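A.B. asks: work12.cif is reproduced below (mmCIF, C-alpha atoms, pLDDT in the B column; chains and numbers go by the auth columns).
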data_data
#
loop_
_atom_site.group_PDB
_atom_site.id
_atom_site.type_symbol
_atom_site.label_atom_id
_atom_site.label_comp_id
_atom_site.label_asym_id
_atom_site.label_seq_id
_atom_site.Cartn_x
_atom_site.Cartn_y
_atom_site.Cartn_z
_atom_site.B_iso_or_equiv
_atom_site.auth_seq_id
_atom_site.auth_asym_id
ATOM 1 C CA MET A 1 107.834 95.541 90.594 50.00 158 D
ATOM 2 C CA TYR A 2 104.859 97.718 91.542 56.00 159 D
ATOM 3 C CA LYS A 3 103.718 98.321 95.096 54.00 160 D
ATOM 4 C CA ILE A 4 100.591 99.792 96.614 52.00 161 D
ATOM 5 C CA SER A 5 101.195 101.644 99.848 48.00 162 D
ATOM 6 C CA LYS A 6 99.648 104.133 102.257 38.00 163 D
ATOM 7 C CA TYR A 7 102.764 106.245 101.927 43.00 164 D
ATOM 8 C CA LYS A 8 101.825 109.930 101.696 47.00 165 D
ATOM 9 C CA ALA A 9 102.771 111.328 98.313 51.00 166 D
ATOM 10 C CA GLU A 10 102.362 115.093 98.733 55.00 167 D
ATOM 11 C CA SER A 11 106.103 115.916 98.782 63.00 168 D
ATOM 12 C CA ILE A 12 107.185 113.420 96.132 80.00 169 D
ATOM 13 C CA GLU A 13 107.113 114.302 92.453 85.00 170 D
ATOM 14 C CA PRO A 14 105.288 111.743 90.321 89.00 171 D
ATOM 15 C CA VAL A 15 106.779 110.182 87.224 89.00 172 D
ATOM 16 C CA THR A 16 104.910 109.138 84.103 88.00 173 D
ATOM 17 C CA PHE A 17 104.253 105.703 82.687 91.00 174 D
ATOM 18 C CA SER A 18 106.211 106.906 79.664 88.00 175 D
ATOM 19 C CA ASP A 19 109.192 107.624 81.956 88.00 176 D
ATOM 20 C CA LEU A 20 108.959 104.028 83.125 91.00 177 D
ATOM 21 C CA GLY A 21 108.829 102.741 79.554 91.00 178 D
ATOM 22 C CA MET A 22 105.328 101.376 80.068 93.00 179 D
ATOM 23 C CA GLN A 23 102.715 101.023 77.348 93.00 180 D
ATOM 24 C CA GLU A 24 98.944 100.836 77.729 93.00 181 D
ATOM 25 C CA SER A 25 99.202 97.053 77.406 94.00 182 D
ATOM 26 C CA ASP A 26 101.549 96.974 80.428 95.00 183 D
ATOM 27 C CA ILE A 27 99.005 98.838 82.568 95.00 184 D
ATOM 28 C CA GLU A 28 96.314 96.468 81.336 95.00 185 D
ATOM 29 C CA GLU A 29 98.354 93.453 82.394 95.00 186 D
ATOM 30 C CA LEU A 30 99.128 95.056 85.755 94.00 187 D
ATOM 31 C CA LEU A 31 95.401 95.532 86.427 95.00 188 D
ATOM 32 C CA ARG A 32 94.531 92.088 85.122 95.00 189 D
ATOM 33 C CA ASN A 33 96.723 90.547 87.787 93.00 190 D
ATOM 34 C CA ASN A 34 95.865 93.063 90.543 93.00 191 D
ATOM 35 C CA ILE A 35 92.256 94.039 89.912 94.00 192 D
ATOM 36 C CA GLU A 36 91.714 94.732 93.635 92.00 193 D
ATOM 37 C CA MET A 37 93.754 97.917 93.091 90.00 194 D
ATOM 38 C CA ILE A 38 90.746 99.634 91.525 93.00 195 D
ATOM 39 C CA ALA A 39 87.919 97.822 93.299 89.00 196 D
ATOM 40 C CA ASP A 40 85.874 99.708 95.868 83.00 197 D
ATOM 41 C CA GLU A 41 86.401 98.390 99.375 77.00 198 D
ATOM 42 C CA GLU A 42 82.929 96.838 99.437 71.00 199 D
ATOM 43 C CA LYS A 43 83.238 95.193 96.032 81.00 200 D
ATOM 44 C CA SER A 44 84.986 92.152 94.610 91.00 201 D
ATOM 45 C CA MET A 45 85.743 91.646 90.937 95.00 202 D
ATOM 46 C CA LEU A 46 86.465 88.583 88.811 96.00 203 D
ATOM 47 C CA ILE A 47 88.288 89.192 85.522 97.00 204 D
ATOM 48 C CA VAL A 48 86.534 87.282 82.724 96.00 205 D
ATOM 49 C CA GLY A 49 87.809 88.906 79.525 95.00 206 D
ATOM 50 C CA GLN A 50 90.655 90.815 77.905 95.00 207 D
ATOM 51 C CA GLN A 51 90.807 92.567 74.530 92.00 208 D
ATOM 52 C CA VAL A 52 87.313 91.330 73.679 89.00 209 D
ATOM 53 C CA ARG A 53 86.073 92.214 70.189 80.00 210 D
ATOM 54 C CA ASN A 54 82.441 92.953 69.398 69.00 211 D
ATOM 55 C CA VAL A 55 80.817 92.447 65.978 56.00 212 D
ATOM 56 C CA HIS A 56 81.784 95.978 64.910 58.00 213 D
ATOM 57 C CA TYR A 57 85.457 95.364 65.786 55.00 214 D
ATOM 58 C CA GLY A 58 85.445 97.460 68.920 70.00 215 D
ATOM 59 C CA ARG A 59 87.919 96.025 71.398 83.00 216 D
ATOM 60 C CA SER A 60 87.412 96.205 75.181 88.00 217 D
ATOM 61 C CA ASP A 61 90.488 96.255 77.407 93.00 218 D
ATOM 62 C CA LEU A 62 89.295 94.256 80.435 96.00 219 D
ATOM 63 C CA ILE A 63 85.948 92.737 81.370 96.00 220 D
ATOM 64 C CA ALA A 64 85.050 91.746 84.937 96.00 221 D
ATOM 65 C CA PHE A 65 82.103 90.698 87.051 94.00 222 D
ATOM 66 C CA ASP A 66 81.471 92.326 90.407 95.00 223 D
ATOM 67 C CA ASN A 67 79.804 90.960 93.519 93.00 224 D
ATOM 68 C CA ASN A 68 76.466 92.524 92.489 93.00 225 D
ATOM 69 C CA GLY A 69 76.407 90.439 89.324 94.00 226 D
ATOM 70 C CA ASP A 70 77.147 93.457 87.112 94.00 227 D
ATOM 71 C CA ILE A 71 79.470 93.325 84.129 95.00 228 D
ATOM 72 C CA VAL A 72 82.301 95.831 84.601 96.00 229 D
ATOM 73 C CA LEU A 73 83.988 97.290 81.547 95.00 230 D
ATOM 74 C CA ILE A 74 87.495 98.606 82.305 96.00 231 D
ATOM 75 C CA GLU A 75 88.991 100.941 79.702 95.00 232 D
ATOM 76 C CA ILE A 76 92.599 102.124 80.032 95.00 233 D
ATOM 77 C CA LYS A 77 94.583 105.030 78.663 93.00 234 D
ATOM 78 C CA ARG A 78 98.216 105.674 79.585 92.00 235 D
ATOM 79 C CA ASP A 79 97.983 109.421 80.172 89.00 236 D
ATOM 80 C CA ARG A 80 96.079 112.607 79.427 90.00 237 D
ATOM 81 C CA LYS A 81 97.762 113.100 76.067 88.00 238 D
ATOM 82 C CA ASP A 82 96.516 109.700 74.886 87.00 239 D
ATOM 83 C CA ILE A 83 92.979 110.728 75.841 89.00 240 D
ATOM 84 C CA GLU A 84 93.151 114.136 74.167 88.00 241 D
ATOM 85 C CA ASN A 85 94.652 112.752 70.938 85.00 242 D
ATOM 86 C CA ARG A 86 91.764 110.339 70.357 79.00 243 D
ATOM 87 C CA LYS A 87 89.257 111.140 67.616 80.00 244 D
ATOM 88 C CA GLU A 88 86.505 109.552 69.682 83.00 245 D
ATOM 89 C CA SER A 89 86.032 110.596 73.292 88.00 246 D
ATOM 90 C CA PHE A 90 87.275 108.191 75.959 89.00 247 D
ATOM 91 C CA GLU A 91 83.923 107.967 77.744 91.00 248 D
ATOM 92 C CA PHE A 92 81.874 107.522 74.558 90.00 249 D
ATOM 93 C CA GLN A 93 84.103 104.689 73.397 87.00 250 D
ATOM 94 C CA ALA A 94 83.473 102.935 76.711 91.00 251 D
ATOM 95 C CA ILE A 95 79.717 103.514 76.475 92.00 252 D
ATOM 96 C CA ARG A 96 79.600 101.917 73.026 88.00 253 D
ATOM 97 C CA TYR A 97 81.463 98.876 74.307 88.00 254 D
ATOM 98 C CA ALA A 98 79.305 98.612 77.432 89.00 255 D
ATOM 99 C CA ALA A 99 76.158 98.629 75.292 89.00 256 D
ATOM 100 C CA SER A 100 77.304 95.439 73.577 89.00 257 D
ATOM 101 C CA TYR A 101 77.630 93.663 76.937 92.00 258 D
ATOM 102 C CA ALA A 102 73.998 94.424 77.752 91.00 259 D
ATOM 103 C CA THR A 103 73.166 91.712 75.203 91.00 260 D
ATOM 104 C CA ILE A 104 74.763 88.957 77.335 93.00 261 D
ATOM 105 C CA LYS A 105 71.752 86.873 78.353 91.00 262 D
ATOM 106 C CA ASP A 106 72.991 84.461 81.007 95.00 263 D
ATOM 107 C CA PRO A 107 76.164 82.940 82.514 95.00 264 D
ATOM 108 C CA GLU A 108 76.419 80.326 79.754 96.00 265 D
ATOM 109 C CA ASP A 109 76.300 83.057 77.113 96.00 266 D
ATOM 110 C CA LEU A 110 79.069 84.980 78.879 96.00 267 D
ATOM 111 C CA VAL A 111 81.294 81.930 79.305 97.00 268 D
ATOM 112 C CA THR A 112 80.872 80.933 75.659 96.00 269 D
ATOM 113 C CA LYS A 113 81.567 84.369 74.195 94.00 270 D
ATOM 114 C CA ILE A 114 84.040 85.890 76.657 95.00 271 D
ATOM 115 C CA TYR A 115 85.266 83.828 79.625 96.00 272 D
ATOM 116 C CA ALA A 116 86.230 80.565 77.879 96.00 273 D
ATOM 117 C CA PRO A 117 88.357 82.391 75.254 95.00 274 D
ATOM 118 C CA TYR A 118 90.007 84.340 78.092 96.00 275 D
ATOM 119 C CA ILE A 119 90.836 81.092 79.914 95.00 276 D
ATOM 120 C CA ASP A 120 92.216 79.655 76.661 93.00 277 D
ATOM 121 C CA LYS A 121 94.513 82.665 76.379 92.00 278 D
ATOM 122 C CA HIS A 122 95.728 82.475 79.997 93.00 279 D
ATOM 123 C CA ARG A 123 95.458 78.745 80.627 88.00 280 D
ATOM 124 C CA ARG A 124 98.697 78.690 82.625 87.00 281 D
ATOM 125 C CA ASP A 125 97.011 80.921 85.250 88.00 282 D
ATOM 126 C CA PHE A 126 94.467 78.227 86.033 84.00 283 D
ATOM 127 C CA ASP A 127 95.211 75.078 88.024 74.00 284 D
ATOM 128 C CA ILE A 128 92.609 72.598 86.763 72.00 285 D
ATOM 129 C CA GLU A 129 93.875 71.037 83.536 72.00 286 D
ATOM 130 C CA SER A 130 91.334 68.211 83.277 84.00 287 D
ATOM 131 C CA LEU A 131 88.445 70.558 82.435 90.00 288 D
ATOM 132 C CA THR A 132 87.733 72.311 79.179 93.00 289 D
ATOM 133 C CA SER A 133 87.914 76.109 79.206 94.00 290 D
ATOM 134 C CA PHE A 134 84.118 76.256 79.018 95.00 291 D
ATOM 135 C CA GLU A 135 83.703 73.865 81.964 95.00 292 D
ATOM 136 C CA LEU A 136 86.281 75.702 84.053 94.00 293 D
ATOM 137 C CA GLY A 137 84.781 79.102 83.209 95.00 294 D
ATOM 138 C CA SER A 138 81.281 77.888 84.083 96.00 295 D
ATOM 139 C CA ARG A 139 82.459 76.556 87.456 95.00 296 D
ATOM 140 C CA LYS A 140 84.435 79.651 88.398 95.00 297 D
ATOM 141 C CA LEU A 141 81.726 82.116 87.362 96.00 298 D
ATOM 142 C CA SER A 142 79.009 80.093 89.105 96.00 299 D
ATOM 143 C CA ALA A 143 81.090 79.881 92.299 96.00 300 D
ATOM 144 C CA PHE A 144 81.711 83.639 92.239 96.00 301 D
ATOM 145 C CA LEU A 145 78.036 84.476 91.727 95.00 302 D
ATOM 146 C CA GLN A 146 76.930 82.012 94.422 95.00 303 D
ATOM 147 C CA GLU A 147 79.496 83.330 96.900 95.00 304 D
ATOM 148 C CA HIS A 148 78.064 86.833 96.531 95.00 305 D
ATOM 149 C CA ASN A 149 74.390 85.826 96.154 95.00 306 D
ATOM 150 C CA ALA A 150 74.353 87.442 92.731 94.00 307 D
ATOM 151 C CA ILE A 151 72.926 84.672 90.540 92.00 308 D
ATOM 152 C CA ASN A 152 69.499 86.310 90.302 93.00 309 D
ATOM 153 C CA SER A 153 70.981 89.727 89.514 94.00 310 D
ATOM 154 C CA PHE A 154 73.191 88.518 86.659 95.00 311 D
ATOM 155 C CA ASN A 155 74.043 91.384 84.287 94.00 312 D
ATOM 156 C CA GLN A 156 71.078 93.542 85.208 93.00 313 D
ATOM 157 C CA LYS A 157 73.286 96.559 84.570 92.00 314 D
ATOM 158 C CA GLN A 158 76.761 97.363 83.304 94.00 315 D
ATOM 159 C CA ARG A 159 79.410 99.484 85.031 94.00 316 D
ATOM 160 C CA ILE A 160 82.296 101.352 83.417 96.00 317 D
ATOM 161 C CA ILE A 161 85.679 102.148 84.962 96.00 318 D
ATOM 162 C CA LEU A 162 88.018 104.507 83.115 96.00 319 D
ATOM 163 C CA VAL A 163 91.669 104.291 84.184 96.00 320 D
ATOM 164 C CA ALA A 164 94.456 106.735 83.309 94.00 321 D
ATOM 165 C CA SER A 165 97.338 108.561 84.952 93.00 322 D
ATOM 166 C CA ASP A 166 95.437 111.825 84.383 92.00 323 D
ATOM 167 C CA PHE A 167 92.155 112.979 82.841 93.00 324 D
ATOM 168 C CA ASP A 168 91.281 115.969 80.699 91.00 325 D
ATOM 169 C CA GLU A 169 88.536 118.378 81.738 91.00 326 D
ATOM 170 C CA GLN A 170 86.151 117.355 78.954 91.00 327 D
ATOM 171 C CA THR A 171 86.221 113.713 80.040 92.00 328 D
ATOM 172 C CA LEU A 172 85.675 114.606 83.706 93.00 329 D
ATOM 173 C CA SER A 173 82.818 116.929 82.788 93.00 330 D
ATOM 174 C CA ALA A 174 81.129 114.274 80.637 93.00 331 D
ATOM 175 C CA VAL A 175 81.532 111.538 83.268 94.00 332 D
ATOM 176 C CA ALA A 176 80.231 113.831 86.021 93.00 333 D
ATOM 177 C CA TRP A 177 77.149 114.571 83.912 92.00 334 D
ATOM 178 C CA LEU A 178 76.629 110.869 83.171 93.00 335 D
ATOM 179 C CA ASN A 179 76.953 110.062 86.894 92.00 336 D
ATOM 180 C CA SER A 180 74.360 112.693 87.748 90.00 337 D
ATOM 181 C CA ASN A 181 72.055 110.997 85.232 91.00 338 D
ATOM 182 C CA ASN A 182 72.492 107.546 86.801 90.00 339 D
ATOM 183 C CA VAL A 183 75.127 106.117 84.469 91.00 340 D
ATOM 184 C CA ASP A 184 77.545 104.069 86.588 94.00 341 D
ATOM 185 C CA MET A 185 80.943 105.265 85.342 95.00 342 D
ATOM 186 C CA SER A 186 84.082 105.821 87.430 95.00 343 D
ATOM 187 C CA CYS A 187 87.360 107.634 86.758 95.00 344 D
ATOM 188 C CA ILE A 188 90.411 106.259 88.547 95.00 345 D
ATOM 189 C CA LYS A 189 93.877 107.819 88.401 94.00 346 D
ATOM 190 C CA LEU A 190 96.966 105.637 88.645 93.00 347 D
ATOM 191 C CA THR A 191 99.959 107.859 89.341 92.00 348 D
ATOM 192 C CA PRO A 192 103.416 106.250 89.534 92.00 349 D
ATOM 193 C CA TYR A 193 106.073 107.389 92.008 91.00 350 D
ATOM 194 C CA ILE A 194 109.626 106.180 92.497 89.00 351 D
ATOM 195 C CA ILE A 195 110.460 105.808 96.183 86.00 352 D
ATOM 196 C CA ALA A 196 113.766 104.269 97.230 83.00 353 D
ATOM 197 C CA GLU A 197 114.244 102.914 93.693 83.00 354 D
ATOM 198 C CA GLU A 198 110.903 101.095 93.799 87.00 355 D
ATOM 199 C CA VAL A 199 107.738 101.987 91.878 88.00 356 D
ATOM 200 C CA TYR A 200 104.632 102.811 93.907 90.00 357 D
ATOM 201 C CA LEU A 201 101.224 103.546 92.443 90.00 358 D
ATOM 202 C CA ASN A 202 98.919 106.192 93.830 90.00 359 D
ATOM 203 C CA VAL A 203 95.359 104.954 93.302 92.00 360 D
ATOM 204 C CA GLU A 204 92.876 107.829 93.405 91.00 361 D
ATOM 205 C CA LYS A 205 89.170 107.574 92.655 92.00 362 D
ATOM 206 C CA VAL A 206 88.318 110.905 91.035 92.00 363 D
ATOM 207 C CA LEU A 207 84.673 110.175 90.153 92.00 364 D
ATOM 208 C CA PRO A 208 81.919 109.534 91.143 88.00 365 D
ATOM 209 C CA LEU A 209 81.396 112.074 93.932 75.00 366 D
ATOM 210 C CA ASN A 210 78.415 113.325 95.896 62.00 367 D
ATOM 211 C CA GLU A 211 78.556 116.734 94.192 59.00 368 D
ATOM 212 C CA TYR A 212 79.402 117.328 90.536 56.00 369 D
ATOM 213 C CA ASP A 213 78.994 121.049 89.856 59.00 370 D
ATOM 214 C CA ASP A 214 82.727 121.791 90.058 61.00 371 D
ATOM 215 C CA TYR A 215 83.409 119.285 87.290 56.00 372 D
ATOM 216 C CA PHE A 216 81.038 120.724 84.710 58.00 373 D
ATOM 217 C CA VAL A 217 82.693 122.776 81.974 55.00 374 D
ATOM 218 C CA ASN A 218 80.718 125.978 81.431 55.00 375 D
ATOM 219 C CA PHE A 219 80.192 127.845 78.191 50.00 376 D
ATOM 220 C CA LEU A 220 82.649 130.649 77.600 49.00 377 D
ATOM 221 C CA GLU A 221 80.979 134.000 78.221 48.00 378 D
ATOM 222 C CA LYS A 222 81.738 136.721 75.672 45.00 379 D
ATOM 223 C CA SER A 223 82.892 139.063 78.428 40.00 380 D
ATOM 224 C CA SER A 224 85.358 136.530 79.842 37.00 381 D
ATOM 225 C CA PRO A 225 88.876 136.520 78.420 38.00 382 D
ATOM 226 C CA LEU A 226 89.992 133.042 77.441 34.00 383 D
ATOM 227 C CA SER A 227 93.006 133.248 79.737 33.00 384 D
ATOM 228 C CA ASN A 228 90.681 133.519 82.735 34.00 385 D
ATOM 229 C CA LEU A 229 88.634 130.429 81.862 30.00 386 D
ATOM 230 C CA LYS A 230 89.441 127.784 84.449 32.00 387 D
ATOM 231 C CA LEU A 231 87.806 124.546 85.442 28.00 388 D
ATOM 232 C CA LYS A 232 87.531 124.171 89.193 31.00 389 D
ATOM 233 C CA ILE A 233 88.164 120.623 90.295 27.00 390 D
ATOM 234 C CA SER A 234 87.686 119.738 93.928 32.00 391 D
ATOM 235 C CA GLN A 235 89.616 116.611 94.764 36.00 392 D
ATOM 236 C CA GLY A 236 90.386 114.863 97.998 37.00 393 D
ATOM 237 C CA GLU A 237 93.851 114.237 99.362 37.00 394 D
ATOM 238 C CA PRO A 238 95.703 111.753 97.152 38.00 395 D
ATOM 239 C CA TYR A 239 96.520 108.458 98.723 36.00 396 D
ATOM 240 C CA LEU A 240 98.444 105.313 98.038 41.00 397 D
ATOM 241 C CA ARG A 241 96.691 102.178 99.022 37.00 398 D
#
With the file now loaded, output its structure as structure tokens.
C.D. replies:
Amino acid sequence: MYKISKYKAESIEPVTFSDLGMQESDIEELLRNNIEMIADEEKSMLIVGQQVRNVHYGRSDLIAFDNNGDIVLIEIKRDRKDIENRKESFEFQAIRYAASYATIKDPEDLVTKIYAPYIDKHRRDFDIESLTSFELGSRKLSAFLQEHNAINSFNQKQRIILVASDFDEQTLSAVAWLNSNNVDMSCIKLTPYIIAEEVYLNVEKVLPLNEYDDYFVNFLEKSSPLSNLKLKISQGEPYLR
């Protein structure tokens, strides 16, 4: 139903996920089955968890491991309005969740708490029926870590990826500041287009960048009329990949 393409999107008007009748859970499932959509070219990711609850009832959308051995927390919002209507900021919610994953001690701990329950939930996606979910999770995680020589770097840090069709200025400003202070957090825009009656997704990595000054929201000066207050955002050419 959804296609990723290098088709140039400048002259085509985007639609919204709401126009397509999609909910946040639909985007989550799309990413769960196509995680390479938001992976950097040099990185691989293995999905190990979905809708994972911590002891304080926070619920993470998707959990993955990357080829550096880092846990990757993927938080999803459908559009800008969903972000702005939250009582708690999008980025702070993700930080709280990521902090709980810093307590994962070793691969066995991760499989027990996160990966085995995920395999139980999606057992039909896995071919080997003779193994328990714990055994299968242990094998698959070990194989992934060995393939990427990441066993010795298991969960030494946690990464955060925020996904939405658009971001508000406050979120971009906060993430830019966190990036500049060595917090590994990314913002990725998924913009849907309808081309020849098929849905294409424009995947655009908005942050991190090499320079962040244009993303910081400044204080309003008394001499500046509110109507003239604008946030400059320098973005590269959108692409569909």
A.B. asks: Between D:Glu354, D:Glu170, D:Glu361, D:Glu185, which has the minimum distance to Arg235 of chain D (counting all atoms listed in the file)?
C.D. replies: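 Among the listed residues, the smallest separation from Arg235 of chain D belongs to D:Glu185.
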A.B. asks: Of the candidates D:Ala300, D:Ala259, D:Ile195, D:Val229, which shows the shortest atom-to-atom distance to Lys362 of chain D, using all atoms listed in the file?
C.D. replies: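 Once distances to Lys362 of chain D are computed over all atoms listed in the file, the minimum belongs to D:Ile195.
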A.B. asks: Can you pull out the residues contacting Leu335 of chain D? Cut-off 12 Å, using all atoms listed in the file, and skip same-chain residues under 2 positions away; I want them as a PyMOL selection string.
C.D. replies: chain D and resi 248-249+252+316-317+328-333+337-344+364-366+369+372-373
A.B. asks: Identify which of the residues D:Val360, D:Ile233, D:Leu302, D:Ile351 lies closest to Gln180 of chain D, counting all atoms listed in the file when measuring atom-to-atom distances.
C.D. replies: D:Ile233
A.B. asks: Can you list what the PyMOL selection byres ((chain D and resi 272) around 10) grabs from this structure, as a PyMOL selection string?
C.D. replies: chain D and resi 204-207+209+220-221+264-271+273-278+290-291+293-295+297-298
A.B. asks: When distances are computed from all atoms listed in the file, which of D:Phe301, D:Leu203, D:Ala307, D:Ala251 shows the smallest separation from Asn191 of chain D?
C.D. replies: D:Leu203
A.B. asks: Work out how far apart atom CA of Leu319 of chain D and atom CA of Ile231 of chain D are and give it in Å to one decimal.
C.D. replies: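 Result for atom CA of Leu319 of chain D versus atom CA of Ile231 of chain D: 6.0 Å, one decimal.
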A.B. asks: Given only C-alpha atoms as the basis, pick out the residue of D:Ile228, D:Ile184, D:Ile240, D:Ile285 nearest to Phe324 of chain D.
C.D. replies: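 Of all the options, D:Ile240 lies closest to Phe324 of chain D.
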A.B. asks: What separation in Å, quoted to one decimal, exists between atom CA of Asn242 of chain D and atom CA of Gln208 of chain D?
C.D. replies: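 A separation of 20.9 Å between them.
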A.B. asks: Using only C-alpha atoms, which of D:Arg296, D:Lys346, D:Arg281, D:Arg253 sits nearest Val363 of chain D?
C.D. replies: D:Lys346
A.B. asks: Could you check how far atom CA of Leu219 of chain D sits from atom CA of Asp282 of chain D, in Å to one decimal?
C.D. replies: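 These atoms are spaced 16.1 Å apart.
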A.B. asks: Report as a PDB file with C-alpha atoms, in the frame of the given file the full result of the PyMOL selection byres ((chain D and resi 348) around 6) when it is applied to this structure.
C.D. replies:
ATOM      1  CA  SER D 322      97.338 108.561  84.952  1.00 93.00           C
ATOM      2  CA  LEU D 347      96.966 105.637  88.645  1.00 93.00           C
ATOM      3  CA  PRO D 349     103.416 106.250  89.534  1.00 92.00           C
ATOM      4  CA  LEU D 358     101.224 103.546  92.443  1.00 90.00           C
ATOM      5  CA  ASN D 359      98.919 106.192  93.830  1.00 90.00           C
TER       6      ASN D 359
END
A.B. asks: Mind filling out segment 183-202 of chain D with N, CA and C atoms and sending it as a PDB file, in the frame of the given file?
C.D. replies:
ATOM      1  N   ASP D 183     100.910  97.299  79.157  1.00 95.00           N
ATOM      2  CA  ASP D 183     101.549  96.974  80.428  1.00 95.00           C
ATOM      3  C   ASP D 183     100.642  97.312  81.606  1.00 95.00           C
ATOM      4  N   ILE D 184      99.949  98.456  81.509  1.00 95.00           N
ATOM      5  CA  ILE D 184      99.005  98.838  82.568  1.00 95.00           C
ATOM      6  C   ILE D 184      97.849  97.861  82.603  1.00 95.00           C
ATOM      7  N   GLU D 185      97.397  97.455  81.425  1.00 95.00           N
ATOM      8  CA  GLU D 185      96.314  96.468  81.336  1.00 95.00           C
ATOM      9  C   GLU D 185      96.696  95.163  82.026  1.00 95.00           C
ATOM     10  N   GLU D 186      97.910  94.707  81.785  1.00 95.00           N
ATOM     11  CA  GLU D 186      98.354  93.453  82.394  1.00 95.00           C
ATOM     12  C   GLU D 186      98.525  93.613  83.905  1.00 95.00           C
ATOM     13  N   LEU D 187      99.001  94.779  84.328  1.00 94.00           N
ATOM     14  CA  LEU D 187      99.128  95.056  85.755  1.00 94.00           C
ATOM     15  C   LEU D 187      97.773  94.960  86.440  1.00 94.00           C
ATOM     16  N   LEU D 188      96.743  95.568  85.842  1.00 95.00           N
ATOM     17  CA  LEU D 188      95.401  95.532  86.427  1.00 95.00           C
ATOM     18  C   LEU D 188      94.793  94.137  86.341  1.00 95.00           C
ATOM     19  N   ARG D 189      95.074  93.442  85.270  1.00 95.00           N
ATOM     20  CA  ARG D 189      94.531  92.088  85.122  1.00 95.00           C
ATOM     21  C   ARG D 189      94.971  91.187  86.278  1.00 95.00           C
ATOM     22  N   ASN D 190      96.194  91.375  86.713  1.00 93.00           N
ATOM     23  CA  ASN D 190      96.723  90.547  87.787  1.00 93.00           C
ATOM     24  C   ASN D 190      96.532  91.141  89.184  1.00 93.00           C
ATOM     25  N   ASN D 191      96.054  92.390  89.248  1.00 93.00           N
ATOM     26  CA  ASN D 191      95.865  93.063  90.543  1.00 93.00           C
ATOM     27  C   ASN D 191      94.594  93.895  90.509  1.00 93.00           C
ATOM     28  N   ILE D 192      93.488  93.285  90.129  1.00 94.00           N
ATOM     29  CA  ILE D 192      92.256  94.039  89.912  1.00 94.00           C
ATOM     30  C   ILE D 192      91.740  94.680  91.200  1.00 94.00           C
ATOM     31  N   GLU D 193      92.150  94.148  92.359  1.00 92.00           N
ATOM     32  CA  GLU D 193      91.714  94.732  93.635  1.00 92.00           C
ATOM     33  C   GLU D 193      92.223  96.160  93.806  1.00 92.00           C
ATOM     34  N   MET D 194      93.231  96.555  93.027  1.00 90.00           N
ATOM     35  CA  MET D 194      93.754  97.917  93.091  1.00 90.00           C
ATOM     36  C   MET D 194      92.666  98.949  92.837  1.00 90.00           C
ATOM     37  N   ILE D 195      91.754  98.646  91.917  1.00 93.00           N
ATOM     38  CA  ILE D 195      90.746  99.634  91.525  1.00 93.00           C
ATOM     39  C   ILE D 195      89.341  99.256  91.969  1.00 93.00           C
ATOM     40  N   ALA D 196      89.226  98.219  92.794  1.00 89.00           N
ATOM     41  CA  ALA D 196      87.919  97.822  93.299  1.00 89.00           C
ATOM     42  C   ALA D 196      87.574  98.641  94.541  1.00 89.00           C
ATOM     43  N   ASP D 197      86.327  99.063  94.640  1.00 83.00           N
ATOM     44  CA  ASP D 197      85.874  99.708  95.868  1.00 83.00           C
ATOM     45  C   ASP D 197      86.006  98.724  97.020  1.00 83.00           C
ATOM     46  N   GLU D 198      86.156  99.255  98.221  1.00 77.00           N
ATOM     47  CA  GLU D 198      86.401  98.390  99.375  1.00 77.00           C
ATOM     48  C   GLU D 198      85.288  97.374  99.575  1.00 77.00           C
ATOM     49  N   GLU D 199      84.050  97.738  99.205  1.00 71.00           N
ATOM     50  CA  GLU D 199      82.929  96.838  99.437  1.00 71.00           C
ATOM     51  C   GLU D 199      82.671  95.900  98.261  1.00 71.00           C
ATOM     52  N   LYS D 200      83.486  95.987  97.235  1.00 81.00           N
ATOM     53  CA  LYS D 200      83.238  95.193  96.032  1.00 81.00           C
ATOM     54  C   LYS D 200      84.372  94.215  95.766  1.00 81.00           C
ATOM     55  N   SER D 201      84.012  93.101  95.131  1.00 91.00           N
ATOM     56  CA  SER D 201      84.986  92.152  94.610  1.00 91.00           C
ATOM     57  C   SER D 201      84.796  92.091  93.104  1.00 91.00           C
ATOM     58  N   MET D 202      85.859  91.772  92.387  1.00 95.00           N
ATOM     59  CA  MET D 202      85.743  91.646  90.937  1.00 95.00           C
ATOM     60  C   MET D 202      86.477  90.410  90.442  1.00 95.00           C
TER      61      MET D 202
END
